[in-house]
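Q: I'd like to ask some things about the structure below.
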Amino acid sequence: MKTDDLLQVLGRTDPFALLDREVLSPLCREITVNAFNKGAYLFRQGDPSCDCLFIIANGLVEILVEDDCRVETVVGLRRAYDFFGETVVLSGQRYPGSARAKGELTCLCLYRKDLESLIYSHPEFSGFFNTLLAERMRLLYERNIADRSCAIPQSSTAMLFRKQVSQVMSTPVLTCQEGNPVADAARKMMKRQVGCLVIVDTAGRFRGVLTERHLVSGLVAEQTCPVDRCTAGRLMDPRLFAIAPEAYLGEALAAMIRNRTRQLVVMERDLPVGVVAFSDLVRDQSADSLMLIHDIADQNSLDGLATLSVGIDRVLDALVAERAGVKETMEIMSRLNNRITRKVIELSEAKMKQDGWGPPPVDYSWINMGSAARYEQTLRTDQDNAIIYADPEDTDADAAFQYFQQLAVLVVDGLVRCGFERCPGGVMATNPKWCRSISGWRQGVSHWMTSVEPEDIRTLTILLDYRSVWGNTSLADALWAEIIGAFSDSISAGHMLTRDDQKLTAPIGLLGNIVTEKNGPRKGKINLKTAALVHMVNAVRLLAVSGGITTPSTLERLEQLAASQALSAEDAAFYRAGFETLMMFRIRENLKQARSGLTPDNSLDPKGLDKSETLLLKDALSAVAQLQKRVSRGFQVPWMHYFGQ
């Protein structure tokens with residue numbers, strides 16, 4: 001077939017029809033044309049991949065599946081200008097079915113390397129293959145996690161993501177009913193030597209949990225009711241913190257940290273079947289590093305807290321060695337770091353009272369920003385934090401500001417002692433710009449949303465990722481409401497944030513090659529944070545805020561964007577796979593550098609990757625490029641370029 005004939009076929013075949021002739025013409029030189037007689041098989045079920053995509057120029061193809069008795073059934077037909085074999089050409093697996101010519105057939109064969117070049121260099125084209133790319137990334141990612149988990153020596157924290165809850169939970173579950181005397185419940189707990197009892201109704205359904213802590217608090221500390229007249233239902237906690245028996249111990253650990261509880265009720269078919277306690281994890285793992293989770297709360301001095309915080313890095317080593325997924329790793333490490341932050345604030349408030357400042361003059365919320373707020377922090381980074389405090393009386397405004405500035409000094413200094421360096425750019429509550437009353441924050445948001453100044457755009461970018469970690473969360477919620485309203489009213493905000501991000505593009509070239517730094521100390525490497533992850537975070541943030549989504553987590557934002565149909569489920573899965581892949585590489589490379597005594601700098605040398613890792617990285621970078629392109633189309637306002645220069 002001549003080039004014009006090939007172009008005519010490609011021009012009538014989705015998604016090649018999306019591409020310009022100038023893009024398709026060079027591709028024609030790489031395409032092979034094959035003719036098949038009626039009844040000929042192009043490939044059979046179970047054959048290895050032909051490493052090409054089949055595009056029908058004319059004729060019909062039957063897709064067949066063979067059962068255990070070797071009986072073939074036609075499950076589909078492909079006609080002229082259809083393509084097939086896309087799953088296998090991208091995954092490299094064996095064919096799950098057979099393809100047979102129903103009559104005289106002519107097919108174009110586009111080979112994998114050329115298809116990948118189109119995918120990586122043309123986001124509008126790659127969107128057609130997002131589901132397949134996400135699946136390929138998932139398979140490669142799981143294989144990579146299993147094969148190369150940073151080669152960390154086995155630590156004392158073993159089997160966290162290889163052993164299931166059902167293997168360590170206490171069963172049968174110890175239960176009683178709400179009306180049972182609490183004294184009887186306590187005797188049951190003592191007899192079985194357990195610290196938790198599940199309260200159920202007559203049908204065995206969950207009603208609450210009674211623990212040793214509830215007994216001490218209700219009968220001794222607060223004396224809620226006399227022992228002889230108190231029932232289990234009077235002291236129980238009705239909240240259900242549940243986990244499935246097939247969940248891994250690492251998932252149980254993450255759930256305990258998230259919910260600040262020492263035990264989880266194991267539920268199956270809506271009925272309690274066991275209890276897994278924090279002590280079960282520690283006993284099973286002999287994991288002294290896990291004790292950090294609850295030891296943090298017991299510290300009453302900064303010296304003790306600073307000593308304890310050093311051990312957090314051991315938890316990250318263990319999680320990577322145990323092949324924990326990126327989501328679980330980020331959540332566990334971020335929540336541990338959050339606990340450190342909360343304890344520092346608690347100790348700082350106590351110090352303020354000792355020094356004569358008294359309690360906070362008005363309610364306030366301490367907020368984290370950046371990776372800590374997004375729950376994407378693994379190794380401890382520099383600080384990004386701020387204070388939002390309630391509006392004081394006019395006569396008390398200066399005194400309130402001075403109080404929170406002094407509190408900020410104590411907290412920031414305490415965090416430094418615990419390994420969180422000061423922000424080089426001054427994004428900390430000690431900076432008056434980041435310590436304001438709620439009215440002051442509202443004024444700031446109003447200004448930043450309409451400004452074209454680079455510093456104001458940077459400020460807005462930072463602020464759009466925050467999470468309350470201490471104090472009155474309603475203040476943080478009120479500020480989010482202000483931000484969402486101002487963003488929806490602003491013509492320029494989305495444009496300026498997009499324009500700022502578009503100054504640098506994803507490091508993947510037109511032929512699918514990974515673009516590395518050309519000079520400097522990182523020559524030949526890519527910075528996974530600034531060259532790739534930042535673009536994904538920026539793009540997802542913009543989509544989320546424009547949709548009224550206030551959670552700062554990139555993964556949660558993608559989930560909510562899909563739920564609201566702002567993104568298709570397929571696209572959201574593709575972006576999520578790309579994000580988790582890049583985070584996996586970043587965690588791994590930073591740990592390698594830290595163990596070698598180097599300062600982690602988020603850099604990766606592509607030449608050190610094997611073939612599957614290179615393919616995995618390229619797929620992830622193509623997700624970055626596609627996401628950037630999507631946001632550029634959705635938020636760029638052409639006439640505003642004139643004013644932004």
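Chains: A, B, ... in order of the structure tokens. Residues: from 1 per chain. Ligands: from 1, in order shown.
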Could you give me, as a Markdown table, a per-residue list for range 419-515 of chain A showing, wherever an atom lies at most 10 Å from an atom of range 594-618 of chain A, the closest pair of atoms and their distance in Å to one decimal, using only C-alpha atoms and sorting by chain then residue number from low to high?

A:
| residue | atom | partner | partner_atom | distance |
| --- | --- | --- | --- | --- |
| A:Pro507 | CA | A:Lys618 | CA | 9.3 |
| A:Ile508 | CA | A:Lys618 | CA | 7.3 |
| A:Gly509 | CA | A:Lys618 | CA | 9.9 |
| A:Gly512 | CA | A:Lys618 | CA | 7.0 |
| A:Asn513 | CA | A:Lys618 | CA | 7.8 |
| A:Ile514 | CA | A:Lys618 | CA | 6.9 |
| A:Val515 | CA | A:Pro606 | CA | 9.5 |

Q: Write down as a count of residues only the residues of range 384-456 of chain A whose backbone DSSP state falls under alpha helix (DSSP H).

A: 35

Q: Counting only C-alpha atoms, which residue out of A:Arg258, A:Arg588, A:Lys343, A:Arg422 sits closest to Glu331 in chain A?

A: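 Answer, going by the shortest atom-to-atom distance: A:Arg258.
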
Q: Point out the residue among A:Val445, A:Leu415, A:Ala476, A:Ala577 with the least atom-to-atom distance to Tyr389 in chain A, counting only C-alpha atoms.

A: A:Ala476

Q: Excluding Gln406 in chain A and its own-chain neighbours fewer than 5 positions away, which residues fall within 9 Å of it when counting only C-alpha atoms? Please give them as a list in words.

A: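 Residues near the query, excluding close chain neighbours: Met352, Phe401, Val411 and Thr430 of chain A.
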
Q: Could you write out the selected residues, including C-alpha atoms, as a PDB file, in the first residue's frame?

A:
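After the write, part10.pdb holds the following:
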ATOM      1  CA  MET A 352       3.054  29.481  76.950  1.00  0.00           C
ATOM      2  CA  PHE A 401      -1.392  38.583  67.270  1.00  0.00           C
ATOM      3  CA  VAL A 411       6.143  25.307  67.752  1.00  0.00           C
ATOM      4  CA  THR A 430       6.347  32.689  62.529  1.00  0.00           C
TER       5      THR A 430
END

Q: Just list the residues in range 51-251 of chain A DSSP gives strand (DSSP E) on the backbone, as a VMD selection string.

A: chain A and resid 52 to 58 61 to 66 72 to 78 83 to 84 98 to 101 105 to 111 175 to 176 196 to 200 206 to 211 242 to 243

Q: Write out, as a short mmCIF file (atom, residue, chain, number, x, y, z; two decimals), in the first residue's frame, the residues just selected, with N, CA and C atoms.

A:
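Saved file out_6.cif follows:
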data_model
loop_
_atom_site.label_atom_id
_atom_site.label_comp_id
_atom_site.auth_asym_id
_atom_site.auth_seq_id
_atom_site.Cartn_x
_atom_site.Cartn_y
_atom_site.Cartn_z
N CYS A 52 2.58 -5.97 18.19
CA CYS A 52 2.06 -4.96 17.27
C CYS A 52 0.56 -4.79 17.45
N LEU A 53 0.07 -3.64 17.00
CA LEU A 53 -1.37 -3.34 16.98
C LEU A 53 -1.87 -3.62 15.56
N PHE A 54 -2.96 -4.35 15.45
CA PHE A 54 -3.53 -4.68 14.14
C PHE A 54 -4.63 -3.66 13.80
N ILE A 55 -4.55 -3.08 12.60
CA ILE A 55 -5.55 -2.13 12.10
C ILE A 55 -6.10 -2.70 10.80
N ILE A 56 -7.41 -2.86 10.72
CA ILE A 56 -8.02 -3.51 9.55
C ILE A 56 -8.21 -2.48 8.43
N ALA A 57 -7.60 -2.77 7.26
CA ALA A 57 -7.79 -1.93 6.08
C ALA A 57 -9.04 -2.37 5.33
N ASN A 58 -9.22 -3.67 5.18
CA ASN A 58 -10.47 -4.20 4.62
C ASN A 58 -10.63 -5.65 5.05
N VAL A 61 -12.64 -9.66 10.91
CA VAL A 61 -11.87 -10.52 11.80
C VAL A 61 -12.79 -11.04 12.89
N GLU A 62 -12.75 -12.35 13.13
CA GLU A 62 -13.49 -12.95 14.23
C GLU A 62 -12.57 -13.05 15.45
N ILE A 63 -13.09 -12.63 16.61
CA ILE A 63 -12.37 -12.81 17.87
C ILE A 63 -12.99 -14.01 18.57
N LEU A 64 -12.16 -15.03 18.88
CA LEU A 64 -12.66 -16.29 19.42
C LEU A 64 -12.01 -16.60 20.76
N VAL A 65 -12.75 -17.29 21.61
CA VAL A 65 -12.24 -17.76 22.89
C VAL A 65 -12.45 -19.27 22.96
N GLU A 66 -11.41 -19.99 23.38
CA GLU A 66 -11.45 -21.45 23.46
C GLU A 66 -11.70 -21.88 24.90
N GLU A 72 -14.10 -23.55 20.30
CA GLU A 72 -13.99 -22.11 20.09
C GLU A 72 -15.36 -21.47 19.94
N THR A 73 -15.51 -20.28 20.55
CA THR A 73 -16.75 -19.51 20.45
C THR A 73 -16.40 -18.11 19.97
N VAL A 74 -17.14 -17.63 18.97
CA VAL A 74 -16.93 -16.27 18.47
C VAL A 74 -17.53 -15.29 19.48
N VAL A 75 -16.71 -14.39 19.98
CA VAL A 75 -17.17 -13.42 20.98
C VAL A 75 -17.19 -11.99 20.44
N GLY A 76 -16.72 -11.79 19.22
CA GLY A 76 -16.73 -10.44 18.68
C GLY A 76 -16.27 -10.41 17.24
N LEU A 77 -16.60 -9.31 16.56
CA LEU A 77 -16.16 -9.08 15.19
C LEU A 77 -15.46 -7.74 15.11
N ARG A 78 -14.43 -7.67 14.29
CA ARG A 78 -13.76 -6.40 14.02
C ARG A 78 -13.85 -6.14 12.52
N PHE A 83 -9.37 -1.51 15.21
CA PHE A 83 -8.07 -2.10 15.56
C PHE A 83 -8.29 -3.12 16.67
N PHE A 84 -7.33 -4.02 16.84
CA PHE A 84 -7.41 -5.03 17.89
C PHE A 84 -6.00 -5.45 18.29
N SER A 98 -8.25 -15.68 20.32
CA SER A 98 -7.69 -15.87 18.97
C SER A 98 -8.33 -14.87 18.01
N ALA A 99 -7.63 -14.58 16.91
CA ALA A 99 -8.16 -13.71 15.85
C ALA A 99 -8.07 -14.47 14.53
N ARG A 100 -9.19 -14.56 13.79
CA ARG A 100 -9.24 -15.35 12.55
C ARG A 100 -9.91 -14.53 11.45
N ALA A 101 -9.32 -14.58 10.26
CA ALA A 101 -9.89 -13.87 9.11
C ALA A 101 -11.18 -14.53 8.68
N LEU A 105 -8.51 -10.65 3.94
CA LEU A 105 -8.25 -9.62 4.96
C LEU A 105 -6.92 -8.92 4.71
N THR A 106 -6.92 -7.60 4.89
CA THR A 106 -5.68 -6.82 4.85
C THR A 106 -5.57 -6.03 6.15
N CYS A 107 -4.44 -6.19 6.81
CA CYS A 107 -4.21 -5.51 8.09
C CYS A 107 -2.93 -4.70 8.06
N LEU A 108 -2.98 -3.54 8.71
CA LEU A 108 -1.76 -2.77 8.98
C LEU A 108 -1.26 -3.20 10.35
N CYS A 109 0.04 -3.34 10.47
CA CYS A 109 0.66 -3.71 11.75
C CYS A 109 1.53 -2.56 12.24
N LEU A 110 1.11 -1.97 13.35
CA LEU A 110 1.85 -0.87 13.97
C LEU A 110 2.57 -1.43 15.20
N TYR A 111 3.87 -1.33 15.23
CA TYR A 111 4.64 -1.98 16.29
C TYR A 111 4.66 -1.15 17.57
N THR A 175 -18.00 -10.87 73.74
CA THR A 175 -19.12 -9.94 73.62
C THR A 175 -19.96 -9.89 74.88
N CYS A 176 -20.78 -8.85 74.97
CA CYS A 176 -21.87 -8.78 75.94
C CYS A 176 -22.90 -7.81 75.40
N CYS A 196 -10.41 -5.45 75.51
CA CYS A 196 -11.53 -4.93 74.72
C CYS A 196 -12.66 -5.95 74.68
N LEU A 197 -13.88 -5.46 74.76
CA LEU A 197 -15.07 -6.30 74.69
C LEU A 197 -16.05 -5.63 73.72
N VAL A 198 -16.64 -6.41 72.83
CA VAL A 198 -17.57 -5.87 71.82
C VAL A 198 -19.00 -5.99 72.33
N ILE A 199 -19.73 -4.88 72.30
CA ILE A 199 -21.13 -4.86 72.72
C ILE A 199 -22.00 -5.16 71.50
N VAL A 200 -22.91 -6.14 71.64
CA VAL A 200 -23.75 -6.53 70.51
C VAL A 200 -25.22 -6.55 70.94
N PHE A 206 -23.16 -5.38 65.84
CA PHE A 206 -22.33 -4.45 66.60
C PHE A 206 -23.14 -3.30 67.18
N ARG A 207 -22.86 -2.98 68.45
CA ARG A 207 -23.47 -1.81 69.10
C ARG A 207 -22.43 -0.87 69.67
N GLY A 208 -21.25 -1.41 70.04
CA GLY A 208 -20.23 -0.54 70.61
C GLY A 208 -19.04 -1.35 71.08
N VAL A 209 -18.06 -0.64 71.67
CA VAL A 209 -16.84 -1.26 72.19
C VAL A 209 -16.62 -0.77 73.61
N LEU A 210 -16.24 -1.69 74.48
CA LEU A 210 -15.90 -1.35 75.86
C LEU A 210 -14.45 -1.76 76.10
N THR A 211 -13.61 -0.81 76.53
CA THR A 211 -12.20 -1.10 76.75
C THR A 211 -11.82 -0.79 78.19
N ALA A 242 -13.63 -0.53 62.01
CA ALA A 242 -13.66 -1.92 61.56
C ALA A 242 -12.58 -2.20 60.53
N ILE A 243 -12.28 -3.48 60.37
CA ILE A 243 -11.37 -3.93 59.33
C ILE A 243 -11.79 -5.34 58.93
#

Q: Do you know which residues are at most 10 Å from range 251-256 of chain A counting only C-alpha atoms, after dropping those on the same chain fewer than 6 positions away, and could you put them as number ranges by chain?

A: A: 160-161, 164-165, 241-245, 262-264, 266, 276-278, 281, 290, 293, 324-325, 328-333, 335-336

Q: Counting only C-alpha atoms, what is within 10 Å of range 374-378 of chain A, bar same-chain residues fewer than 6 positions away, as an MDAnalysis selection string?

A: chainID A and resid 312:313 315:316 326:327 329:338 368 465:467 537 551:557 583 586:587 590:591

Q: What's around Pro392 in chain A at 8 Å? Count only C-alpha atoms, leave out sequence neighbours fewer than 6 positions away in its own chain, and write the answer as number ranges by chain.

A: A: 361-362, 400, 437

Q: May I have the selected residues written with N, CA and C atoms, as a PDB file, in the first residue's frame?

A:
ATOM      1  N   PRO A 361      -5.927  33.329  73.477  1.00  0.00           N
ATOM      2  CA  PRO A 361      -6.966  34.339  73.734  1.00  0.00           C
ATOM      3  C   PRO A 361      -8.243  34.106  72.933  1.00  0.00           C
ATOM      4  N   VAL A 362      -8.118  33.473  71.783  1.00  0.00           N
ATOM      5  CA  VAL A 362      -9.286  33.107  70.956  1.00  0.00           C
ATOM      6  C   VAL A 362      -8.998  31.745  70.335  1.00  0.00           C
ATOM      7  N   ALA A 400      -3.607  39.536  70.700  1.00  0.00           N
ATOM      8  CA  ALA A 400      -3.849  38.214  70.121  1.00  0.00           C
ATOM      9  C   ALA A 400      -2.774  37.869  69.102  1.00  0.00           C
ATOM     10  N   SER A 437      -5.712  36.537  61.462  1.00  0.00           N
ATOM     11  CA  SER A 437      -7.094  36.281  61.887  1.00  0.00           C
ATOM     12  C   SER A 437      -7.871  35.802  60.675  1.00  0.00           C
TER      13      SER A 437
END

Q: Rounded to one decimal, what separation in Å do you get between CA of Met428 in chain A and CA of Ala399 in chain A?

A: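 Between these atoms lies a distance of 19.8 Å.
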
Q: When distances are computed from only C-alpha atoms, which of A:Leu319, A:Leu582, A:Met137, A:Leu60 shows the smallest separation from Leu90 in chain A?

A: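 Closest to Leu90 in chain A, using only C-alpha atoms: A:Met137.
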
Q: Near Gly304 in chain A, within 10 Å and counting only C-alpha atoms, which residues show up once chain neighbours fewer than 5 positions away are dropped, as a tab-separated table (two decimals) with N, CA and C atoms, in the first residue's frame?

A:
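New file selection_29.tsv:
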chain	number	residue	atom	x	y	z
A	295	ASP	N	3.84	5.77	71.75
A	295	ASP	CA	4.80	6.41	72.63
A	295	ASP	C	4.80	7.93	72.45
A	296	ILE	N	4.49	8.38	71.24
A	296	ILE	CA	4.47	9.83	70.98
A	296	ILE	C	3.52	10.53	71.94
A	298	ASP	N	2.68	9.75	74.84
A	298	ASP	CA	3.10	9.67	76.24
A	298	ASP	C	4.23	10.62	76.59
A	299	GLN	N	4.80	11.29	75.61
A	299	GLN	CA	5.93	12.19	75.88
A	299	GLN	C	5.44	13.47	76.57
A	309	SER	N	11.39	10.90	67.79
A	309	SER	CA	11.10	11.17	66.38
A	309	SER	C	12.18	10.62	65.45
A	418	CYS	N	12.68	18.23	66.25
A	418	CYS	CA	12.19	16.89	65.89
A	418	CYS	C	12.50	16.51	64.45

Q: Restricting the calculation to only C-alpha atoms, which member of A:Ile484, A:Ala478, A:Val409, A:Leu627 is positioned closest to Ile549 in chain A?

A: A:Ile484

Q: One decimal, in Å: what's the spacing between CA of Ser490 in chain A and CA of Ser446 in chain A?

A: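 Calculated distance between CA of Ser490 in chain A and CA of Ser446 in chain A is 9.4 Å.
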